[in-house]
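A.B. asks: Below is a structure I'd like to ask you about.
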Amino acid sequence: MNKYSLYIKHLSLTLLAAFFVQLAFAQTAPVMDYAKAKEYELAGVKVEGTKFLDDRVLITLSGLTIGEKIKVPGEDVAKAIKQLWKQKLFTNVAIETDRIEGEKIYLNIILEERPRLSRYNIKGVKNSDLDELKKKLDVRAGSIFTDNIKMTSVHQIKQYFIDKGYLNTQVEVRELRDTVLKNAVHVQYFVDKGEIVKIKEITFEGATAFTNVQLRSKMKDTKEKVKFDLPGIFRFKKNFQTEPNHPRWYQVIGNFSPIRSYEYLSRFINPNIFKASRFKRKEYEDDKKKVLDYYLSKGYRDARIVSDSVYKLDQKNLAIRLRVEEGRQYYFRNIEWKGNTKYSDSLLSRILGVKRGDIYSTRALEEKLYQNPNGGDVSSLYMDDGYLFFNVTPTEIKVDGDSIDVAMVINEGQQATIRDVRIMGNTKTNEQVIRRELYTLPGSKFSRADLIRSQRQIVNLGYFDPQQLDVIPVPNPENGTVDIEYRVTEKPSDQLELSAGYGGQAQGFVGTLGVTFSNFSLRNMFDKKAWSPLPSGDGQRLSLRFQSSGKRSQFYTVSFTEPWLGGKKPTSLTVAFNRTQINNLDFSVTNYPIIGKYAATAVTLGLGTRLKRPDDFFTFEAALTYQNYLIDNYPGYFPLFSNGQAHNLNLSLNLSRNSVDAPLYPKHGTNFSLTASATLPYSLMFNDLKNLNYESDSLPANQRYKMIEFWKVRMHLDWYTSIWKNLVFKASVKMGFQGYYNARIGNSPFERFELGGDGISNFQVLGKDIISLRGYPVITQSTGATIFNKFSMEVRYPISLNPSATIFVLGFMEAGNAWYSFKEYKPYQLNRSAGIGVRVFLPMFGLLGVDYGFPLDKLFDTNGTRLDNPKGAPRIILGQEPE
């Protein structure tokens with residue numbers, strides 16, 4: 001038998017087998033009459049073609065229930081197919097009859113799953129944008145990549161770039177079959193951002209009461225882009241010819257006013273460098289409300305924005321046009337008070353401060369009723385007297401033309417008593433340290449002023465985050481009491497100063513090590529459990545500082561302060577020790593031997609207390625200080641006293657008032673200090689000193705000034721006020737005067753004033769007060785001055801008010817001068833400067849900063865000879881503000 005016979009035989013057997021299989025199937029497969037539906041009992045359902053999905057869940061989603069009657073063919077099967085299609089998980093859905101047994105039917109659901117996402121990437125974007133987009137997109141590897149996910153991800157990508165100003169962003173999605181994984185796709189997003197689109201112009205149609213500039217300024221986040229078309233300002237003829245209804249240029253000049261001029265200039269100059277001119281729909285809607293709020297604040301209660309349109313001028317610019325209906329301006333007429341029994345109508349009207357004929361403004365009314373942060377409103381009057389449940393509702397009772405009558409309906413309620421005061425969140429500071437600062441005491445009458453003052457006291461401790469401090473009154477109307485909760489969050493308050501370097505052969509290694517523990521606990525020093533890492537929580541302050549410049553100088557400082565001596569009254573105790581030694585080196589010899597020295601040692605004991613009169617912002621402190629000076633061949637700091645020993649025992653009395661609202665970035669309040677220091681008039685008291693010939697030039701300095709005698713007065717005033725939101729203005733005045741008892745001796749060479757420079761030496765040298773003057777070098781003679789005046793103004797704006805890194809920038813103007821006697825004193829002859837600066841407060845390192853001042857005046861010596869004109873200089877701030 002040849003190979004062709006075998007092939008024909010094999011083919012015949014195959015065809016015969018296929019015939020019998022088809023015959024068997026024809027005898028068992030159900031025969032359906034699609035022209036006539038028949039009702040069956042659904043006996044079973046199987047799912048085929050799925051890999052990742054649960055069969056039971058799919059059967060439930062289809063709506064088919066085993067045991068129920070269904071018509072086949074009919075709507076039941078069609079409905080099940082639609083339900084499965086709605087899930088958007090499949091590329092193919094079919095339902096077939098498996099078999100029929102009498103009145104029972106078995107169905108097969110045949111599905112083809114959509115491909116799953118194996119991976120995706122985004123092309124055409126920067127790495128920084130890519131990281132942000134991956135956080136925003138709800139696209140995960142292994143999930144089914146549905147059309148809904150595709151559209152949502154495309155929208156998210158577009159919206160991300162639209163918020164950045166790329167309004168023309170296009171996104172293309174490509175789905176590529178994965179060659180490794182079965183039924184999987186690799187998705188690629190191709191992003192074309194296009195050109196950034198900025199707002200070129202914002203115009204208001206129908207606005208007559210206010211200019212476009214005024215209305216645009218009320219839009220916080222919707223701003224025009226920067227414009228500097230200086231030549232365009234002078235194209236009068238061209239500008240006004242294009243606007244037939246606009247007044248002619250000569251009419252603009254003839255009717256000159258600041259508002260008209262600014263409106264005209266704004267068409268060509270817009271120095272908007274602090275706000276992005278990108279269009280964001282949500283912010284735009286909020287800004288429209290701000291425009292209407294401005295109208296309402298000016299009495300236009302019927303004002304509304306009739307329509308607005310946002311349209312593209314070209315691929316880089318868009319314009320916004322708003323049509324406004326202003327309506328008429330309304331005014332207050334009659335104001336009535338109803339329900340008040342505690343206070344008279346006349347008193348309430350005087351506090352409200354709204355008079356007949358004032359512009360009708362609901363915002364201004366609310367502020368005068370409730371929202372004055374410094375008090376002085378109607379609600380403060382009641383709440384400071386315990387009326388916690390007080391409320392007042394202004395109601396319009398009559399509108400007559402442009403005049404409105406308002407009734408103030410008052411519900412005074414009953415006076416509330418403080419039942420309980422709770423403190424939460426203090427994980428480090430002892431509760432008693434906080435509680436002793438509070439003005440809200442259990443059993444006392446509720447007072448809003450006491451609540452605000454307690455909050456200020458907690459902030460000024462410096463141990464807690466002021467941004468997270470919450471004061472929550474919990475009223476109990478049923479018994480007329482209130483519970484108060486203070487919720488605090490501890491922040492780092494200790495400071496570390498550490499530096500090291502090499503100062504050459506003359507100084508060798510130089511370094512500074514300083515630590516300040518502002519919440520120390522002395523009573524727990526011997527408790528091992530309290531060392532974590534140091535005993536803390538009692539509000540005491542311990543400061544240690546050591547600085548060395550090799551053989552050149554050494555400085556030691558140790559101080560301790562207990563703010564509540566005895567724990568019952570705010571009486572402070574301060575003990576301090578200072579030691580300074582500066583050596584005079586001979587730089588003409590190779591090893592720089594010591595040929596002289598200046599050594600000063602000081603011990604201070606101070607007691608202070610908080611006063612109740614004139615108010616409890618005042619404090620009084622008395623300090624007794626002994627200083628010993630040992631100077632041997634060192635004329636550098638005190639030219640009038642280069643050899644010998646001198647003693648300084650003086651008493652200082654200080655009266656101060658501090659009402660600033662925050663220690664790091666004050667916005668309101670004053671900080672005033674008046675200090676008087678004096679020694680005894682030894683030369684007028686003791687015979688051995690009386691009999692000295694002080695008029696003789698031959699009298700040695702160590703005899704003339706052995707017992708240092710002087711009196712000195714220092715005054716310091718800082719005033720803070722908020723100009724706009726967090727923009728703060730600070731004004732400062734500093735003055736100092738030194739006098740003497742004995743005209744034969746004159747002014748002491750010690751305790752004088754040095755004006756100019758950076759002021760950093762103020763932390764190192766005992767025996768003189770060093771006051772910085774930004775922009776100038778030291779302008780006083782080496783002997784020091786006996787009188788100084790200094791005035792400064794600053795405008796501050798915060799970059800960050802986060803307590804972990806408080807940062808603000810400032811611009812300043814400063815003026816100061818120093819004199820050597822009252823005869824020379826000319827308070828209006830000052831050296832002026834201006835400049836900029838920045839401050840950074842880090843809890844661990846304290847205050848850091850730099851100023852750069854530019855001098856505005858020429859310098860002259862006491863003989864009237866002009867000195868080299870300074871060109872400006874930086875001032876470095878380390879640890880605390882120089883004086």
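Each chain in the structure tokens gets a letter, A, B and so on, in the order shown; residues start at 1 in every chain, and ligands are counted from 1 in the order they appear.
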List as a PyMOL selection string the protein and nucleic acid residues near Thr179 in chain A, meaning an atom at most 12 Å away when only C-alpha atoms are counted, but skip any in the same chain fewer than 6 places from it.
C.D. replies: chain A and resi 118+185-186
A.B. asks: Would you output that residue set with all heavy atoms, as a PDB file, in the first residue's frame?
C.D. replies:
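What follows is the written file out-v6.pdb:
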ATOM      1  N   SER A 118      -0.750  46.819  32.306  1.00  0.00           N
ATOM      2  CA  SER A 118       0.513  46.273  32.808  1.00  0.00           C
ATOM      3  C   SER A 118       1.421  47.394  33.326  1.00  0.00           C
ATOM      4  O   SER A 118       2.065  47.270  34.356  1.00  0.00           O
ATOM      5  CB  SER A 118       1.221  45.483  31.708  1.00  0.00           C
ATOM      6  OG  SER A 118       1.504  46.323  30.602  1.00  0.00           O
ATOM      7  N   VAL A 185      -2.348  45.562  28.448  1.00  0.00           N
ATOM      8  CA  VAL A 185      -1.966  46.670  27.589  1.00  0.00           C
ATOM      9  C   VAL A 185      -0.956  47.560  28.304  1.00  0.00           C
ATOM     10  O   VAL A 185      -0.936  47.666  29.527  1.00  0.00           O
ATOM     11  CB  VAL A 185      -3.190  47.528  27.175  1.00  0.00           C
ATOM     12  CG1 VAL A 185      -4.098  46.757  26.255  1.00  0.00           C
ATOM     13  CG2 VAL A 185      -3.933  48.046  28.389  1.00  0.00           C
ATOM     14  N   HIS A 186      -0.123  48.186  27.503  1.00  0.00           N
ATOM     15  CA  HIS A 186       0.818  49.206  27.963  1.00  0.00           C
ATOM     16  C   HIS A 186       0.289  50.538  27.447  1.00  0.00           C
ATOM     17  O   HIS A 186       0.150  50.739  26.237  1.00  0.00           O
ATOM     18  CB  HIS A 186       2.208  48.904  27.414  1.00  0.00           C
ATOM     19  CG  HIS A 186       3.183  50.021  27.603  1.00  0.00           C
ATOM     20  ND1 HIS A 186       4.220  50.259  26.724  1.00  0.00           N
ATOM     21  CD2 HIS A 186       3.277  50.969  28.565  1.00  0.00           C
ATOM     22  CE1 HIS A 186       4.891  51.317  27.126  1.00  0.00           C
ATOM     23  NE2 HIS A 186       4.347  51.756  28.239  1.00  0.00           N
TER      24      HIS A 186
END
A.B. asks: Quick one: residues within 10 Å of Leu773 in chain A, only C-alpha atoms counted, chain neighbours fewer than 2 positions away excluded, as a VMD selection string?
C.D. replies: chain A and resid 754 to 759 770 to 771 775 to 779 790 to 792 814 to 817 831 to 833 853 855 875 882 to 883
A.B. asks: Next, the residues of the selection above should be written as an mmCIF file, in the first residue's frame with C-alpha atoms.
C.D. replies:
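Once everything was written out, this is selection_29.cif:
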data_model
loop_
_atom_site.group_PDB
_atom_site.id
_atom_site.type_symbol
_atom_site.label_atom_id
_atom_site.label_comp_id
_atom_site.auth_asym_id
_atom_site.auth_seq_id
_atom_site.Cartn_x
_atom_site.Cartn_y
_atom_site.Cartn_z
ATOM 1 C CA GLU A 754 28.967 103.008 71.155
ATOM 2 C CA LEU A 755 26.747 103.691 68.113
ATOM 3 C CA GLY A 756 27.127 102.063 64.710
ATOM 4 C CA GLY A 757 28.374 98.817 63.265
ATOM 5 C CA ASP A 758 26.534 95.531 63.499
ATOM 6 C CA GLY A 759 26.015 95.518 67.274
ATOM 7 C CA ILE A 770 26.770 98.930 71.898
ATOM 8 C CA ILE A 771 23.903 100.017 69.658
ATOM 9 C CA GLY A 775 24.413 101.068 57.005
ATOM 10 C CA TYR A 776 27.135 102.804 59.022
ATOM 11 C CA PRO A 777 30.373 101.752 60.708
ATOM 12 C CA VAL A 778 30.973 102.729 64.333
ATOM 13 C CA ILE A 779 30.466 106.500 64.302
ATOM 14 C CA LYS A 790 18.059 106.140 67.455
ATOM 15 C CA PHE A 791 14.800 105.982 65.474
ATOM 16 C CA SER A 792 13.728 103.284 63.036
ATOM 17 C CA GLU A 814 16.771 104.280 60.336
ATOM 18 C CA ALA A 815 18.340 107.388 61.840
ATOM 19 C CA GLY A 816 20.638 107.889 64.794
ATOM 20 C CA ASN A 817 23.490 109.833 66.292
ATOM 21 C CA ASN A 831 22.576 109.957 60.305
ATOM 22 C CA ARG A 832 19.940 108.325 58.138
ATOM 23 C CA SER A 833 19.947 105.000 56.303
ATOM 24 C CA GLY A 853 21.740 99.221 54.961
ATOM 25 C CA PRO A 855 23.712 105.337 54.300
ATOM 26 C CA ARG A 875 24.475 93.404 59.587
ATOM 27 C CA PRO A 882 21.123 93.625 68.280
ATOM 28 C CA GLU A 883 20.119 96.870 69.926
#
A.B. asks: Using 10 Å as the limit and counting only C-alpha atoms, can you tabulate each residue of range 521-635 of chain A that touches range 486-499 of chain A, with its shortest atom-to-atom distance in Å and the two atoms involved, as CSV?
C.D. replies:
residue,atom,partner,partner_atom,distance
A:Arg541,CA,A:Asp494,CA,9.4
A:Leu542,CA,A:Asp494,CA,9.7
A:Ser543,CA,A:Gln495,CA,9.3
A:Leu544,CA,A:Leu496,CA,9.8
A:Arg545,CA,A:Glu497,CA,8.3
A:Phe546,CA,A:Glu497,CA,9.7
A:Gln547,CA,A:Ser499,CA,9.2
A.B. asks: Can you tell me which residues surround Thr670 in chain A at a distance of at most 8 Å, considering only C-alpha atoms, apart from same-chain residues fewer than 6 positions away, and format the answer as a ChimeraX atom specification?
C.D. replies: /A:657-660,717-720
A.B. asks: Hey, could you make a per-residue contact list for range 571-666 of chain A against range 674-697 of chain A with 12 Å as the cut-off, showing the nearest pair of atoms and its distance in Å to one decimal, counting only C-alpha atoms, sorted by chain and number, as CSV?
C.D. replies:
residue,atom,partner,partner_atom,distance
A:Phe618,CA,A:Leu674,CA,11.2
A:Thr619,CA,A:Leu674,CA,10.8
A:Phe620,CA,A:Leu674,CA,9.8
A:Glu621,CA,A:Thr675,CA,9.3
A:Ala622,CA,A:Thr675,CA,9.6
A:Ala623,CA,A:Ser677,CA,9.1
A:Leu624,CA,A:Ser677,CA,9.5
A:Thr625,CA,A:Thr679,CA,9.9
A:Tyr626,CA,A:Thr679,CA,10.3
A:Gln627,CA,A:Thr679,CA,11.6
A:Leu640,CA,A:Asp697,CA,11.6
A:His647,CA,A:Thr679,CA,10.5
A:Asn648,CA,A:Thr679,CA,7.5
A:Leu649,CA,A:Thr679,CA,6.1
A:Asn650,CA,A:Thr679,CA,4.4
A:Leu651,CA,A:Ser677,CA,5.6
A:Ser652,CA,A:Ser677,CA,4.2
A:Leu653,CA,A:Ala676,CA,5.3
A:Asn654,CA,A:Thr675,CA,4.3
A:Leu655,CA,A:Leu674,CA,5.3
A:Ser656,CA,A:Leu674,CA,6.2
A:Arg657,CA,A:Leu674,CA,9.2
A:Asn658,CA,A:Leu674,CA,11.9
A.B. asks: I need the chosen residues saved as a CSV table (one decimal), in the first residue's frame, with C-alpha atoms.
C.D. replies:
chain,number,residue,atom,x,y,z
A,618,PHE,CA,3.4,96.4,83.3
A,619,THR,CA,6.3,94.8,85.0
A,620,PHE,CA,8.9,96.2,87.4
A,621,GLU,CA,12.4,94.8,88.0
A,622,ALA,CA,15.2,95.7,90.3
A,623,ALA,CA,18.7,94.3,89.7
A,624,LEU,CA,21.9,94.7,91.7
A,625,THR,CA,25.1,94.2,89.7
A,626,TYR,CA,28.7,94.1,90.7
A,627,GLN,CA,31.4,94.4,88.0
A,640,LEU,CA,40.9,106.7,79.4
A,647,HIS,CA,34.8,98.4,90.6
A,648,ASN,CA,31.2,99.0,89.6
A,649,LEU,CA,28.4,98.4,92.0
A,650,ASN,CA,25.1,99.7,90.6
A,651,LEU,CA,21.4,99.3,91.0
A,652,SER,CA,19.1,99.2,88.0
A,653,LEU,CA,15.4,99.8,88.1
A,654,ASN,CA,13.3,98.9,85.1
A,655,LEU,CA,9.7,99.6,84.3
A,656,SER,CA,8.3,97.9,81.2
A,657,ARG,CA,5.1,97.2,79.4
A,658,ASN,CA,4.7,94.5,76.9
A.B. asks: May I have all residues of range 268-346 of chain A that DSSP, computed from the backbone, assigns to alpha helix (DSSP H), given as a list of chain:residue names?
C.D. replies: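 Filtering range 268-346 of chain A to alpha helix (DSSP H) leaves A:Arg281, A:Lys282, A:Glu283, A:Tyr284, A:Glu285, A:Asp286, A:Asp287, A:Lys288, A:Lys289, A:Lys290, A:Val291, A:Leu292, A:Asp293, A:Tyr294, A:Tyr295, A:Leu296, A:Ser297, A:Asp345, A:Ser346.
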A.B. asks: Which residues come within 12 Å of Asp470 in chain A, counting only C-alpha atoms, excluding same-chain residues fewer than 3 positions away, as a PyMOL selection string?
C.D. replies: chain A and resi 422-425+451-452+454-456+458-459+464-467+473+484-489
A.B. asks: I'd like the contact shell of Leu801 in chain A - 10 Å cut-off, only C-alpha atoms, skipping same-chain residues fewer than 2 positions apart - returned as a VMD selection string.
C.D. replies: chain A and resid 466 to 467 664 to 665 726 798 to 799 803 to 808 841
A.B. asks: Any idea what the distance is between CA of Val213 in chain A and CA of Lys282 in chain A?
C.D. replies: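 Spanning CA of Val213 in chain A to CA of Lys282 in chain A is a straight-line distance of 21.9 Å.
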A.B. asks: Just the residues within 6 Å of range 596-612 of chain A, please, counting only C-alpha atoms, with nothing from its chain fewer than 2 positions along; format it as a PDB file with N, CA and C atoms, in the first residue's frame.
C.D. replies:
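out-v6.pdb written:
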ATOM      1  N   PRO A 570       3.623  86.102  90.253  1.00  0.00           N
ATOM      2  CA  PRO A 570       4.563  86.271  89.129  1.00  0.00           C
ATOM      3  C   PRO A 570       5.758  87.140  89.509  1.00  0.00           C
ATOM      4  N   THR A 571       6.523  86.663  90.500  1.00  0.00           N
ATOM      5  CA  THR A 571       7.739  87.352  90.931  1.00  0.00           C
ATOM      6  C   THR A 571       8.928  86.575  90.393  1.00  0.00           C
ATOM      7  N   SER A 572       9.749  87.227  89.588  1.00  0.00           N
ATOM      8  CA  SER A 572      10.858  86.535  88.924  1.00  0.00           C
ATOM      9  C   SER A 572      12.156  86.749  89.678  1.00  0.00           C
ATOM     10  N   LEU A 573      13.009  85.743  89.607  1.00  0.00           N
ATOM     11  CA  LEU A 573      14.352  85.798  90.182  1.00  0.00           C
ATOM     12  C   LEU A 573      15.349  85.475  89.073  1.00  0.00           C
ATOM     13  N   THR A 574      16.355  86.334  88.930  1.00  0.00           N
ATOM     14  CA  THR A 574      17.384  86.129  87.918  1.00  0.00           C
ATOM     15  C   THR A 574      18.758  86.203  88.571  1.00  0.00           C
ATOM     16  N   VAL A 575      19.579  85.208  88.267  1.00  0.00           N
ATOM     17  CA  VAL A 575      20.963  85.176  88.719  1.00  0.00           C
ATOM     18  C   VAL A 575      21.840  84.974  87.488  1.00  0.00           C
ATOM     19  N   ALA A 576      22.860  85.828  87.339  1.00  0.00           N
ATOM     20  CA  ALA A 576      23.701  85.745  86.146  1.00  0.00           C
ATOM     21  C   ALA A 576      25.158  85.973  86.511  1.00  0.00           C
ATOM     22  N   PHE A 577      26.022  85.281  85.779  1.00  0.00           N
ATOM     23  CA  PHE A 577      27.473  85.430  85.929  1.00  0.00           C
ATOM     24  C   PHE A 577      28.091  85.585  84.544  1.00  0.00           C
ATOM     25  N   ASN A 578      28.970  86.601  84.396  1.00  0.00           N
ATOM     26  CA  ASN A 578      29.654  86.842  83.124  1.00  0.00           C
ATOM     27  C   ASN A 578      31.141  87.011  83.377  1.00  0.00           C
ATOM     28  N   ARG A 579      31.924  86.460  82.490  1.00  0.00           N
ATOM     29  CA  ARG A 579      33.375  86.603  82.572  1.00  0.00           C
ATOM     30  C   ARG A 579      33.911  86.835  81.167  1.00  0.00           C
ATOM     31  N   THR A 580      34.686  87.915  81.019  1.00  0.00           N
ATOM     32  CA  THR A 580      35.262  88.260  79.724  1.00  0.00           C
ATOM     33  C   THR A 580      36.747  88.517  79.904  1.00  0.00           C
ATOM     34  N   GLN A 581      37.562  87.941  79.026  1.00  0.00           N
ATOM     35  CA  GLN A 581      39.000  88.234  79.025  1.00  0.00           C
ATOM     36  C   GLN A 581      39.469  88.343  77.590  1.00  0.00           C
ATOM     37  N   ILE A 582      40.083  89.492  77.288  1.00  0.00           N
ATOM     38  CA  ILE A 582      40.626  89.739  75.953  1.00  0.00           C
ATOM     39  C   ILE A 582      42.088  90.108  76.129  1.00  0.00           C
ATOM     40  N   ASN A 583      42.957  89.395  75.460  1.00  0.00           N
ATOM     41  CA  ASN A 583      44.392  89.585  75.614  1.00  0.00           C
ATOM     42  C   ASN A 583      44.942  90.498  74.524  1.00  0.00           C
ATOM     43  N   ASN A 584      45.915  91.295  74.908  1.00  0.00           N
ATOM     44  CA  ASN A 584      46.617  92.180  73.975  1.00  0.00           C
ATOM     45  C   ASN A 584      47.857  91.445  73.492  1.00  0.00           C
ATOM     46  N   ILE A 594      51.509  87.464  74.829  1.00  0.00           N
ATOM     47  CA  ILE A 594      50.530  88.319  75.493  1.00  0.00           C
ATOM     48  C   ILE A 594      51.275  89.428  76.218  1.00  0.00           C
ATOM     49  N   ASP A 615      -2.007  98.887  84.426  1.00  0.00           N
ATOM     50  CA  ASP A 615      -2.665  97.648  84.028  1.00  0.00           C
ATOM     51  C   ASP A 615      -1.662  96.517  84.205  1.00  0.00           C
ATOM     52  N   ASP A 616      -2.132  95.294  84.034  1.00  0.00           N
ATOM     53  CA  ASP A 616      -1.255  94.161  84.321  1.00  0.00           C
ATOM     54  C   ASP A 616      -0.346  93.782  83.167  1.00  0.00           C
ATOM     55  N   PHE A 618       2.151  95.806  82.759  1.00  0.00           N
ATOM     56  CA  PHE A 618       3.363  96.424  83.292  1.00  0.00           C
ATOM     57  C   PHE A 618       4.115  95.434  84.186  1.00  0.00           C
ATOM     58  N   THR A 619       5.451  95.522  84.130  1.00  0.00           N
ATOM     59  CA  THR A 619       6.309  94.767  85.040  1.00  0.00           C
ATOM     60  C   THR A 619       7.368  95.703  85.600  1.00  0.00           C
ATOM     61  N   PHE A 620       7.838  95.374  86.779  1.00  0.00           N
ATOM     62  CA  PHE A 620       8.889  96.154  87.430  1.00  0.00           C
ATOM     63  C   PHE A 620       9.985  95.210  87.872  1.00  0.00           C
ATOM     64  N   GLU A 621      11.247  95.609  87.637  1.00  0.00           N
ATOM     65  CA  GLU A 621      12.374  94.752  88.000  1.00  0.00           C
ATOM     66  C   GLU A 621      13.483  95.598  88.596  1.00  0.00           C
ATOM     67  N   ALA A 622      14.071  95.076  89.643  1.00  0.00           N
ATOM     68  CA  ALA A 622      15.241  95.702  90.270  1.00  0.00           C
ATOM     69  C   ALA A 622      16.397  94.718  90.202  1.00  0.00           C
ATOM     70  N   ALA A 623      17.579  95.201  89.795  1.00  0.00           N
ATOM     71  CA  ALA A 623      18.741  94.318  89.655  1.00  0.00           C
ATOM     72  C   ALA A 623      19.955  94.976  90.288  1.00  0.00           C
ATOM     73  N   LEU A 624      20.676  94.218  91.090  1.00  0.00           N
ATOM     74  CA  LEU A 624      21.921  94.674  91.716  1.00  0.00           C
ATOM     75  C   LEU A 624      23.073  93.976  91.008  1.00  0.00           C
ATOM     76  N   THR A 625      24.004  94.767  90.482  1.00  0.00           N
ATOM     77  CA  THR A 625      25.103  94.214  89.685  1.00  0.00           C
ATOM     78  C   THR A 625      26.438  94.688  90.233  1.00  0.00           C
ATOM     79  N   TYR A 626      27.361  93.731  90.350  1.00  0.00           N
ATOM     80  CA  TYR A 626      28.742  94.076  90.685  1.00  0.00           C
ATOM     81  C   TYR A 626      29.620  93.658  89.514  1.00  0.00           C
ATOM     82  N   GLN A 627      30.476  94.625  89.072  1.00  0.00           N
ATOM     83  CA  GLN A 627      31.405  94.368  87.983  1.00  0.00           C
ATOM     84  C   GLN A 627      32.799  94.757  88.418  1.00  0.00           C
ATOM     85  N   ASN A 628      33.735  93.886  88.083  1.00  0.00           N
ATOM     86  CA  ASN A 628      35.144  94.139  88.403  1.00  0.00           C
ATOM     87  C   ASN A 628      35.921  94.173  87.089  1.00  0.00           C
ATOM     88  N   TYR A 629      36.675  95.271  86.889  1.00  0.00           N
ATOM     89  CA  TYR A 629      37.479  95.430  85.683  1.00  0.00           C
ATOM     90  C   TYR A 629      38.955  95.399  86.057  1.00  0.00           C
ATOM     91  N   LEU A 630      39.705  94.539  85.402  1.00  0.00           N
ATOM     92  CA  LEU A 630      41.151  94.453  85.580  1.00  0.00           C
ATOM     93  C   LEU A 630      41.785  94.659  84.213  1.00  0.00           C
ATOM     94  N   ILE A 631      42.437  95.819  84.058  1.00  0.00           N
ATOM     95  CA  ILE A 631      42.991  96.196  82.760  1.00  0.00           C
ATOM     96  C   ILE A 631      44.484  96.405  82.918  1.00  0.00           C
ATOM     97  N   ASP A 632      45.239  95.709  82.113  1.00  0.00           N
ATOM     98  CA  ASP A 632      46.695  95.775  82.167  1.00  0.00           C
ATOM     99  C   ASP A 632      47.220  96.000  80.751  1.00  0.00           C
ATOM    100  N   ASN A 633      47.664  97.228  80.500  1.00  0.00           N
ATOM    101  CA  ASN A 633      48.234  97.576  79.182  1.00  0.00           C
ATOM    102  C   ASN A 633      47.285  97.197  78.054  1.00  0.00           C
ATOM    103  N   TYR A 634      46.061  97.644  78.187  1.00  0.00           N
ATOM    104  CA  TYR A 634      45.076  97.364  77.133  1.00  0.00           C
ATOM    105  C   TYR A 634      44.201  98.615  76.932  1.00  0.00           C
TER     106      TYR A 634
END
A.B. asks: For a test of reading the model, state the distance in Å between CA of Gly739 in chain A and CA of Tyr820 in chain A, rounded to one decimal.
C.D. replies: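 Those two atoms sit 10.6 Å apart.
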A.B. asks: Please list as a JSON list (two decimals) with N, CA, C and O atoms, in the first residue's frame every residue within 8 Å of Asp769 in chain A, counting only C-alpha atoms and excluding residues in the same chain fewer than 4 positions away.
C.D. replies:
[["chain", "number", "residue", "atom", "x", "y", "z"],
["A", 751, "GLU", "N", 30.47, 102.28, 80.98],
["A", 751, "GLU", "CA", 29.02, 102.40, 80.83],
["A", 751, "GLU", "C", 28.61, 103.50, 79.85],
["A", 751, "GLU", "O", 27.55, 104.10, 79.98],
["A", 752, "ARG", "N", 29.46, 103.74, 78.85],
["A", 752, "ARG", "CA", 29.12, 104.70, 77.81],
["A", 752, "ARG", "C", 28.44, 103.97, 76.64],
["A", 752, "ARG", "O", 28.21, 102.77, 76.68],
["A", 753, "PHE", "N", 28.16, 104.73, 75.57],
["A", 753, "PHE", "CA", 27.45, 104.18, 74.41],
["A", 753, "PHE", "C", 28.35, 104.18, 73.19],
["A", 753, "PHE", "O", 29.08, 105.16, 72.94],
["A", 754, "GLU", "N", 28.29, 103.11, 72.45],
["A", 754, "GLU", "CA", 28.97, 103.01, 71.15],
["A", 754, "GLU", "C", 27.90, 102.80, 70.10],
["A", 754, "GLU", "O", 27.15, 101.83, 70.15],
["A", 762, "ASN", "N", 27.90, 93.59, 71.36],
["A", 762, "ASN", "CA", 27.07, 93.82, 72.55],
["A", 762, "ASN", "C", 26.94, 92.57, 73.41],
["A", 762, "ASN", "O", 26.65, 92.65, 74.60]]
A.B. asks: For each of A:Ser821, A:Gln829, A:Asn340, A:Asn591, take the minimum atom-to-atom distance to Gln738 in chain A, counting only C-alpha atoms, then give the residue where this is smallest.
C.D. replies: A:Ser821
